[in-house]
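Below is one structure, written out as C-alpha cells; the observations come after it.
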Amino acid sequence: SHPVVIAPSILSADFARLDAEIQRIPDADWIHVDVMDGHFVPNLTIGPPVAKAIKKVTDKPLDCHLMIEDPGRWVGDYVEAGATNVTFHVEATNDPVSIARKLRESGCGAGLTLKPGTSAENYLEMVSEFDLVLIMSVEPGFGGQSFMPDMLDKARAFRAEIDRLGLDTRLQIDGGISADTIAQAAAAGCDTYVAGSAVYGAEDPNEAVRTLRSLATS
Ligand code: DX5
Ligand code: ZN
C-alpha cells in the first residue's frame with residue numbers, strides 16, 4: 001500500500017555534528033528523533049530545542065519518538081518544534097486517544113507505541129485514532145541492541161486490524177533493524193523502519209538505507 005519508509009535514528013549519529021550527520025544521508029526518508037527523559041527509560045537524550053534546530057536544517061519529515069513520562073504535557077512542544085509525527089508510549093499515559101486527538105487537531109501525525117512487554121490487545125481498538133503504530137523490537141533506551149523476533153506477532157496483529165478497517169496507518173518497527181532482520185519485519189506487515197546503528201554505523205550510510213529499502217520491498 002504505502003511506499004516503504006526508512007527512518008535513520010540520529011541516536012546513533014554524532015550529536016556534536018547533527019547538521020552534517022543529517023545532510024550526509026540524502027537517501028533517508030524521515031529523520032527519527034529519539035527523545036528520552038531519564039525517567040521513562042534509563043537514558044537521557046534531547047528535547048524540543050534540538051528538534052526545532054534539526055527542523056531548520058532539513059526538509060525531511062521529523063519523526064519524533066517520545067520515550068518520556070506524561071507525554072500529554074509535552075507533545076505540544078514537539079508540534080511547535082515542527083514535528084511531522086509525534087509517537088508516544090501507551091505505558092506512560094492513561095488516555096492515549098486524547099493525546100492523539102490533540103496532535104491531529106494541531107496538524108501533526110499521532111503515533112502509538114508499545115514496549116516489548118506490552119501486549120497489543122488493549123490497543124488494537126484505537127488504531128483509527130493514529131497515523132502510525134510503532135512496534136518496539138528492543139527495550140527502549142539505547143541503540144545497538146538485538147532485534148526481538150517475538151515482537152513480530154504484535155506487528156501481525158496490528159497489520160490485520162489496520163487492513164480490516166481499511167486504514168492507511170503506518171506500521172513502524174524500531175530496534176535492531178538491519179539487513180539481517182528487516183525482511184522478517186516486512187513479512188509481518190511493517191512498512192516503516194527505524195534504523196540507528198545499521199545506518200550510522202555503516203561505512204556508506206546511503207547505501208545502507210538503499211539496501212534496507214530494497215530488502216523491505218522485495
Ligand atoms: C531505542 C530507540 C531506537 C534506536 C534504534 O530506544 O528508540 O530508535 O535508536 O537503534 P538501533 O537501530 O541501533 O537498534
Ligand atoms: Zn526510536
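By convention in this document, the chains of the C-alpha cells carry letters A, B, ... by their order, each chain's residues are numbered from 1, and ligands are numbered from 1 in the order they are shown.
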
Spatial neighbours of segment 161-168 of chain A, 12 Å, only C-alpha atoms, chain gap at least 3 places, as number ranges by chain | A: 1-3, 120-121, 123-133, 154-158, 171, 189-191

Output N, CA and C atoms of each residue in that selection to a file, as a compact mmCIF listing (two decimals), in the first residue's frame.
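Below is the file part_30.txt, written as the result:
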# COMPACT_ATOMS: atom_id res chain seq x y z
N SER A 1 0.84 -1.21 0.00
CA SER A 1 0.00 0.00 0.00
C SER A 1 0.87 1.25 0.00
N HIS A 2 1.54 1.49 1.12
CA HIS A 2 2.45 2.63 1.22
C HIS A 2 3.80 2.33 0.60
N PRO A 3 4.49 3.36 0.09
CA PRO A 3 5.91 3.15 -0.18
C PRO A 3 6.65 2.94 1.15
N ALA A 120 -0.69 -6.26 22.53
CA ALA A 120 -1.45 -5.43 21.58
C ALA A 120 -2.92 -5.33 21.93
N GLU A 121 -3.44 -6.31 22.65
CA GLU A 121 -4.90 -6.49 22.69
C GLU A 121 -5.70 -5.27 23.13
N TYR A 123 -5.04 -2.22 22.67
CA TYR A 123 -4.76 -1.04 21.84
C TYR A 123 -5.21 -1.19 20.40
N LEU A 124 -5.52 -2.41 19.99
CA LEU A 124 -5.95 -2.63 18.61
C LEU A 124 -7.18 -1.77 18.29
N GLU A 125 -8.05 -1.63 19.28
CA GLU A 125 -9.32 -0.93 19.05
C GLU A 125 -9.14 0.57 18.79
N MET A 126 -7.97 1.11 19.10
CA MET A 126 -7.79 2.56 18.91
C MET A 126 -6.94 2.92 17.71
N VAL A 127 -6.63 1.96 16.84
CA VAL A 127 -5.72 2.27 15.71
C VAL A 127 -6.25 3.38 14.81
N SER A 128 -7.56 3.49 14.68
CA SER A 128 -8.10 4.51 13.77
C SER A 128 -7.80 5.94 14.26
N GLU A 129 -7.42 6.07 15.53
CA GLU A 129 -7.09 7.39 16.09
C GLU A 129 -5.65 7.81 15.77
N PHE A 130 -4.92 6.90 15.13
CA PHE A 130 -3.48 7.13 14.94
C PHE A 130 -3.07 7.07 13.48
N ASP A 131 -2.02 7.81 13.17
CA ASP A 131 -1.42 7.80 11.83
C ASP A 131 -0.33 6.75 11.72
N LEU A 132 0.15 6.32 12.89
CA LEU A 132 1.29 5.40 12.91
C LEU A 132 1.22 4.55 14.18
N VAL A 133 1.55 3.28 14.04
CA VAL A 133 1.74 2.40 15.20
C VAL A 133 3.18 1.92 15.15
N LYS A 154 3.01 -9.21 17.33
CA LYS A 154 2.31 -7.96 17.61
C LYS A 154 2.16 -7.14 16.32
N ALA A 155 3.20 -7.13 15.52
CA ALA A 155 3.13 -6.42 14.24
C ALA A 155 2.02 -7.03 13.37
N ARG A 156 1.97 -8.35 13.33
CA ARG A 156 0.93 -9.02 12.52
C ARG A 156 -0.47 -8.69 13.03
N ALA A 157 -0.62 -8.61 14.35
CA ALA A 157 -1.94 -8.28 14.91
C ALA A 157 -2.37 -6.87 14.50
N PHE A 158 -1.46 -5.92 14.59
CA PHE A 158 -1.81 -4.55 14.16
C PHE A 158 -2.03 -4.48 12.65
N LEU A 171 2.73 1.17 9.84
CA LEU A 171 3.18 0.23 10.85
C LEU A 171 4.71 0.26 10.87
N GLY A 189 4.28 -7.35 8.00
CA GLY A 189 3.36 -6.27 7.67
C GLY A 189 3.84 -4.87 7.97
N CYS A 190 5.09 -4.74 8.41
CA CYS A 190 5.62 -3.39 8.67
C CYS A 190 5.87 -2.69 7.34
N ASP A 191 5.83 -1.35 7.36
CA ASP A 191 6.11 -0.57 6.15
C ASP A 191 7.04 0.61 6.43

List every residue of segment 27-213 of chain A that DSSP, applied to the backbone of this structure, assigns to alpha helix (DSSP H), and report them as an mmCIF file with N, CA and C atoms, in the first residue's frame.
data_model
loop_
_atom_site.group_PDB
_atom_site.id
_atom_site.type_symbol
_atom_site.label_atom_id
_atom_site.label_comp_id
_atom_site.auth_asym_id
_atom_site.auth_seq_id
_atom_site.Cartn_x
_atom_site.Cartn_y
_atom_site.Cartn_z
ATOM 1 N N PRO A 48 12.803 19.453 22.889
ATOM 2 C CA PRO A 48 12.245 20.328 21.847
ATOM 3 C C PRO A 48 13.235 21.313 21.210
ATOM 4 N N PRO A 49 14.142 21.949 21.956
ATOM 5 C CA PRO A 49 15.028 22.910 21.266
ATOM 6 C C PRO A 49 15.887 22.252 20.192
ATOM 7 N N VAL A 50 16.305 21.018 20.457
ATOM 8 C CA VAL A 50 17.134 20.315 19.469
ATOM 9 C C VAL A 50 16.271 19.866 18.284
ATOM 10 N N ALA A 51 15.061 19.391 18.567
ATOM 11 C CA ALA A 51 14.145 19.027 17.466
ATOM 12 C C ALA A 51 13.916 20.239 16.564
ATOM 13 N N LYS A 52 13.720 21.398 17.177
ATOM 14 C CA LYS A 52 13.489 22.633 16.425
ATOM 15 C C LYS A 52 14.704 23.012 15.576
ATOM 16 N N ALA A 53 15.886 22.830 16.137
ATOM 17 C CA ALA A 53 17.116 23.142 15.404
ATOM 18 C C ALA A 53 17.301 22.196 14.218
ATOM 19 N N ILE A 54 16.922 20.937 14.403
ATOM 20 C CA ILE A 54 17.031 19.962 13.308
ATOM 21 C C ILE A 54 16.061 20.334 12.188
ATOM 22 N N LYS A 55 14.860 20.701 12.580
ATOM 23 C CA LYS A 55 13.831 21.082 11.590
ATOM 24 C C LYS A 55 14.341 22.183 10.656
ATOM 25 N N LYS A 56 15.146 23.079 11.190
ATOM 26 C CA LYS A 56 15.664 24.195 10.382
ATOM 27 C C LYS A 56 16.666 23.766 9.328
ATOM 28 N N VAL A 57 17.297 22.603 9.501
ATOM 29 C CA VAL A 57 18.344 22.212 8.555
ATOM 30 C C VAL A 57 17.913 21.099 7.610
ATOM 31 N N PRO A 71 3.477 12.118 28.511
ATOM 32 C CA PRO A 71 3.674 12.705 27.173
ATOM 33 C C PRO A 71 2.671 13.811 26.833
ATOM 34 N N GLY A 72 1.460 13.729 27.383
ATOM 35 C CA GLY A 72 0.450 14.748 27.079
ATOM 36 C C GLY A 72 0.903 16.151 27.447
ATOM 37 N N ARG A 73 1.769 16.223 28.449
ATOM 38 C CA ARG A 73 2.275 17.516 28.887
ATOM 39 C C ARG A 73 3.244 18.127 27.876
ATOM 40 N N TRP A 74 3.877 17.288 27.068
ATOM 41 C CA TRP A 74 4.995 17.742 26.241
ATOM 42 C C TRP A 74 4.742 17.741 24.741
ATOM 43 N N VAL A 75 3.726 17.013 24.282
ATOM 44 C CA VAL A 75 3.568 16.863 22.825
ATOM 45 C C VAL A 75 3.471 18.201 22.098
ATOM 46 N N GLY A 76 2.815 19.186 22.717
ATOM 47 C CA GLY A 76 2.668 20.493 22.073
ATOM 48 C C GLY A 76 4.008 21.132 21.738
ATOM 49 N N ASP A 77 4.995 20.898 22.578
ATOM 50 C CA ASP A 77 6.325 21.463 22.322
ATOM 51 C C ASP A 77 6.965 20.863 21.069
ATOM 52 N N TYR A 78 6.654 19.590 20.809
ATOM 53 C CA TYR A 78 7.215 18.945 19.609
ATOM 54 C C TYR A 78 6.457 19.380 18.364
ATOM 55 N N VAL A 79 5.162 19.616 18.511
ATOM 56 C CA VAL A 79 4.398 20.182 17.388
ATOM 57 C C VAL A 79 4.978 21.548 17.030
ATOM 58 N N GLU A 80 5.192 22.370 18.040
ATOM 59 C CA GLU A 80 5.767 23.706 17.810
ATOM 60 C C GLU A 80 7.164 23.639 17.215
ATOM 61 N N ALA A 81 7.899 22.611 17.574
ATOM 62 C CA ALA A 81 9.254 22.446 17.046
ATOM 63 C C ALA A 81 9.246 22.033 15.573
ATOM 64 N N PRO A 96 -4.352 7.621 25.850
ATOM 65 C CA PRO A 96 -3.659 7.830 24.571
ATOM 66 C C PRO A 96 -4.525 8.484 23.503
ATOM 67 N N VAL A 97 -5.827 8.193 23.526
ATOM 68 C CA VAL A 97 -6.699 8.735 22.472
ATOM 69 C C VAL A 97 -6.787 10.265 22.564
ATOM 70 N N SER A 98 -6.864 10.798 23.785
ATOM 71 C CA SER A 98 -6.922 12.271 23.913
ATOM 72 C C SER A 98 -5.659 12.926 23.379
ATOM 73 N N ILE A 99 -4.529 12.311 23.657
ATOM 74 C CA ILE A 99 -3.265 12.884 23.168
ATOM 75 C C ILE A 99 -3.228 12.817 21.637
ATOM 76 N N ALA A 100 -3.684 11.703 21.091
ATOM 77 C CA ALA A 100 -3.709 11.560 19.624
ATOM 78 C C ALA A 100 -4.594 12.639 18.995
ATOM 79 N N ARG A 101 -5.755 12.868 19.610
ATOM 80 C CA ARG A 101 -6.676 13.876 19.049
ATOM 81 C C ARG A 101 -6.066 15.266 19.125
ATOM 82 N N LYS A 102 -5.394 15.553 20.223
ATOM 83 C CA LYS A 102 -4.730 16.840 20.382
ATOM 84 C C LYS A 102 -3.664 17.026 19.292
ATOM 85 N N LEU A 103 -2.915 15.980 19.030
ATOM 86 C CA LEU A 103 -1.892 16.054 17.977
ATOM 87 C C LEU A 103 -2.528 16.286 16.618
ATOM 88 N N ARG A 104 -3.534 15.493 16.298
ATOM 89 C CA ARG A 104 -4.158 15.603 14.979
ATOM 90 C C ARG A 104 -4.832 16.957 14.791
ATOM 91 N N GLU A 105 -5.444 17.469 15.856
ATOM 92 C CA GLU A 105 -6.083 18.788 15.754
ATOM 93 C C GLU A 105 -5.057 19.877 15.462
ATOM 94 N N LEU A 152 7.178 -9.752 16.350
ATOM 95 C CA LEU A 152 6.527 -9.779 15.039
ATOM 96 C C LEU A 152 5.072 -10.231 15.116
ATOM 97 N N ASP A 153 4.717 -11.016 16.143
ATOM 98 C CA ASP A 153 3.297 -11.381 16.313
ATOM 99 C C ASP A 153 2.449 -10.127 16.555
ATOM 100 N N LYS A 154 3.009 -9.208 17.331
ATOM 101 C CA LYS A 154 2.312 -7.956 17.613
ATOM 102 C C LYS A 154 2.156 -7.138 16.319
ATOM 103 N N ALA A 155 3.202 -7.126 15.523
ATOM 104 C CA ALA A 155 3.128 -6.421 14.235
ATOM 105 C C ALA A 155 2.024 -7.033 13.374
ATOM 106 N N ARG A 156 1.969 -8.350 13.327
ATOM 107 C CA ARG A 156 0.931 -9.018 12.522
ATOM 108 C C ARG A 156 -0.468 -8.686 13.028
ATOM 109 N N ALA A 157 -0.620 -8.606 14.346
ATOM 110 C CA ALA A 157 -1.939 -8.282 14.914
ATOM 111 C C ALA A 157 -2.368 -6.875 14.503
ATOM 112 N N PHE A 158 -1.457 -5.917 14.588
ATOM 113 C CA PHE A 158 -1.810 -4.552 14.162
ATOM 114 C C PHE A 158 -2.030 -4.482 12.652
ATOM 115 N N ARG A 159 -1.208 -5.176 11.890
ATOM 116 C CA ARG A 159 -1.392 -5.161 10.426
ATOM 117 C C ARG A 159 -2.779 -5.692 10.062
ATOM 118 N N ALA A 160 -3.200 -6.763 10.724
ATOM 119 C CA ALA A 160 -4.511 -7.351 10.421
ATOM 120 C C ALA A 160 -5.618 -6.338 10.731
ATOM 121 N N GLU A 161 -5.490 -5.637 11.841
ATOM 122 C CA GLU A 161 -6.528 -4.677 12.244
ATOM 123 C C GLU A 161 -6.544 -3.460 11.307
ATOM 124 N N ILE A 162 -5.367 -2.971 10.970
ATOM 125 C CA ILE A 162 -5.273 -1.824 10.047
ATOM 126 C C ILE A 162 -5.928 -2.178 8.707
ATOM 127 N N ASP A 163 -5.640 -3.369 8.227
ATOM 128 C CA ASP A 163 -6.195 -3.794 6.933
ATOM 129 C C ASP A 163 -7.700 -4.066 7.037
ATOM 130 N N ARG A 164 -8.107 -4.671 8.151
ATOM 131 C CA ARG A 164 -9.530 -4.971 8.348
ATOM 132 C C ARG A 164 -10.361 -3.690 8.305
ATOM 133 N N ILE A 182 15.327 -6.992 8.592
ATOM 134 C CA ILE A 182 14.253 -6.163 8.036
ATOM 135 C C ILE A 182 13.243 -6.962 7.208
ATOM 136 N N ALA A 183 13.701 -8.009 6.535
ATOM 137 C CA ALA A 183 12.768 -8.776 5.693
ATOM 138 C C ALA A 183 11.702 -9.470 6.543
ATOM 139 N N GLN A 184 12.080 -9.939 7.738
ATOM 140 C CA GLN A 184 11.096 -10.565 8.649
ATOM 141 C C GLN A 184 10.031 -9.552 9.053
ATOM 142 N N ALA A 185 10.483 -8.333 9.314
ATOM 143 C CA ALA A 185 9.537 -7.285 9.726
ATOM 144 C C ALA A 185 8.605 -6.932 8.564
ATOM 145 N N ALA A 186 9.149 -6.906 7.358
ATOM 146 C CA ALA A 186 8.327 -6.626 6.172
ATOM 147 C C ALA A 186 7.283 -7.727 5.982
ATOM 148 N N ALA A 187 7.708 -8.957 6.169
ATOM 149 C CA ALA A 187 6.782 -10.095 6.009
ATOM 150 C C ALA A 187 5.669 -10.047 7.053
ATOM 151 N N SER A 197 22.010 2.069 14.412
ATOM 152 C CA SER A 197 23.370 1.579 14.215
ATOM 153 C C SER A 197 23.590 0.999 12.819
ATOM 154 N N ALA A 198 22.552 0.385 12.227
ATOM 155 C CA ALA A 198 22.732 -0.220 10.902
ATOM 156 C C ALA A 198 22.978 0.833 9.821
ATOM 157 N N VAL A 199 22.558 2.072 10.073
ATOM 158 C CA VAL A 199 22.786 3.141 9.097
ATOM 159 C C VAL A 199 24.013 3.960 9.491
ATOM 160 N N TYR A 200 23.986 4.521 10.705
ATOM 161 C CA TYR A 200 25.105 5.393 11.107
ATOM 162 C C TYR A 200 26.392 4.621 11.371
ATOM 163 N N PRO A 205 26.424 5.135 4.675
ATOM 164 C CA PRO A 205 25.061 5.127 5.213
ATOM 165 C C PRO A 205 23.972 5.214 4.140
ATOM 166 N N ASN A 206 24.237 5.894 3.042
ATOM 167 C CA ASN A 206 23.234 5.954 1.971
ATOM 168 C C ASN A 206 23.013 4.583 1.339
ATOM 169 N N GLU A 207 24.109 3.868 1.147
ATOM 170 C CA GLU A 207 23.991 2.520 0.609
ATOM 171 C C GLU A 207 23.237 1.624 1.598
ATOM 172 N N ALA A 208 23.515 1.811 2.879
ATOM 173 C CA ALA A 208 22.804 1.033 3.914
ATOM 174 C C ALA A 208 21.299 1.299 3.837
ATOM 175 N N VAL A 209 20.916 2.561 3.667
ATOM 176 C CA VAL A 209 19.488 2.894 3.551
ATOM 177 C C VAL A 209 18.892 2.221 2.317
ATOM 178 N N ARG A 210 19.597 2.301 1.205
ATOM 179 C CA ARG A 210 19.063 1.701 -0.034
ATOM 180 C C ARG A 210 18.941 0.183 0.080
ATOM 181 N N THR A 211 19.917 -0.426 0.724
ATOM 182 C CA THR A 211 19.863 -1.883 0.923
ATOM 183 C C THR A 211 18.662 -2.252 1.796
ATOM 184 N N LEU A 212 18.483 -1.522 2.884
ATOM 185 C CA LEU A 212 17.334 -1.796 3.761
ATOM 186 C C LEU A 212 16.035 -1.639 2.983
ATOM 187 N N ARG A 213 15.946 -0.563 2.194
ATOM 188 C CA ARG A 213 14.710 -0.309 1.442
ATOM 189 C C ARG A 213 14.438 -1.446 0.470
#

Contacts of ligand 2, 7 Å or closer, only C-alpha atoms and all ligand atoms, given as a list in words |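 Listing the residues within 7 Å of ligand 2 gives Ser9, His32, Val33, Asp34, His65, Asp174 and Val194 of chain A.
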
Selected residues, N, CA and C atoms, written as a tab-separated table (two decimals), in the first residue's frame, please.
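Result file selection02.tsv:
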chain	number	residue	atom	x	y	z
A	9	SER	N	17.82	6.72	12.72
A	9	SER	CA	17.73	7.32	14.05
A	9	SER	C	19.00	8.09	14.35
A	32	HIS	N	14.45	10.18	12.31
A	32	HIS	CA	13.86	9.66	13.56
A	32	HIS	C	14.61	10.27	14.75
A	33	VAL	N	13.84	10.95	15.60
A	33	VAL	CA	14.41	11.69	16.73
A	33	VAL	C	13.99	11.00	18.03
A	34	ASP	N	14.94	10.39	18.72
A	34	ASP	CA	14.67	9.65	19.95
A	34	ASP	C	14.79	10.56	21.16
A	65	HIS	N	10.01	10.30	18.45
A	65	HIS	CA	9.66	9.15	19.29
A	65	HIS	C	9.92	9.53	20.74
A	174	ASP	N	11.04	-0.54	15.37
A	174	ASP	CA	12.21	0.21	15.86
A	174	ASP	C	12.99	-0.67	16.84
A	194	VAL	N	12.78	2.09	11.47
A	194	VAL	CA	13.80	2.90	12.12
A	194	VAL	C	15.09	2.08	12.12

Test item: residues no farther than 9 Å from ligand 1, counting only C-alpha atoms and all ligand atoms, as number ranges by chain = A: 8-12, 32-36, 41, 43, 65-67, 136-147, 173-178, 194-201

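With only C-alpha atoms as the basis for measurement, A:Leu134 is the residue among A:Leu134, A:Ala7, A:Ala13, A:Ala83 that approaches Gln172 of chain A most closely.
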
Which of these, A:Ile68, A:Thr93, A:Thr58, A:Leu112, has the shortest distance to Glu21 of chain A once you count only C-alpha atoms?
->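 Residue with the minimum atom-to-atom distance to Glu21 of chain A: A:Thr58.
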
Would you give me, as number ranges by chain, the residues in segment 55-171 of chain A that DSSP reads as strand (DSSP E or B)?
-> A: 62-67, 85-89, 109-114, 132-136, 170-171

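The space separating atom CA of Asn85 of chain A from atom CA of Cys108 of chain A comes to 5.7 Å.
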
Atom CA of Asn122 of chain A and atom CA of Ala188 of chain A, how far apart in Å?
->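 For atom CA of Ala188 of chain A relative to atom CA of Asn122 of chain A, the distance reads 19.7 Å.
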
State, in Å with one decimal place, the distance from atom CA of Val86 of chain A to atom CA of Trp30 of chain A.
->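 Computing it gives 12.6 Å between the two atoms.
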
Using only C-alpha atoms, pick whichever of A:Leu62, A:Ile25, A:Leu114, A:Ile31 has the shortest atom-to-atom distance to Glu203 of chain A.
->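 That would be A:Ile25, the residue with the smallest distance to Glu203 of chain A.
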
Give the answer as one residue: which of A:Ile6, A:Phe88, A:Gly109, A:Glu69 has the shortest atom-to-atom distance to Pro42 of chain A, using only C-alpha atoms?
->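 Selected residue with least distance to Pro42 of chain A: A:Glu69.
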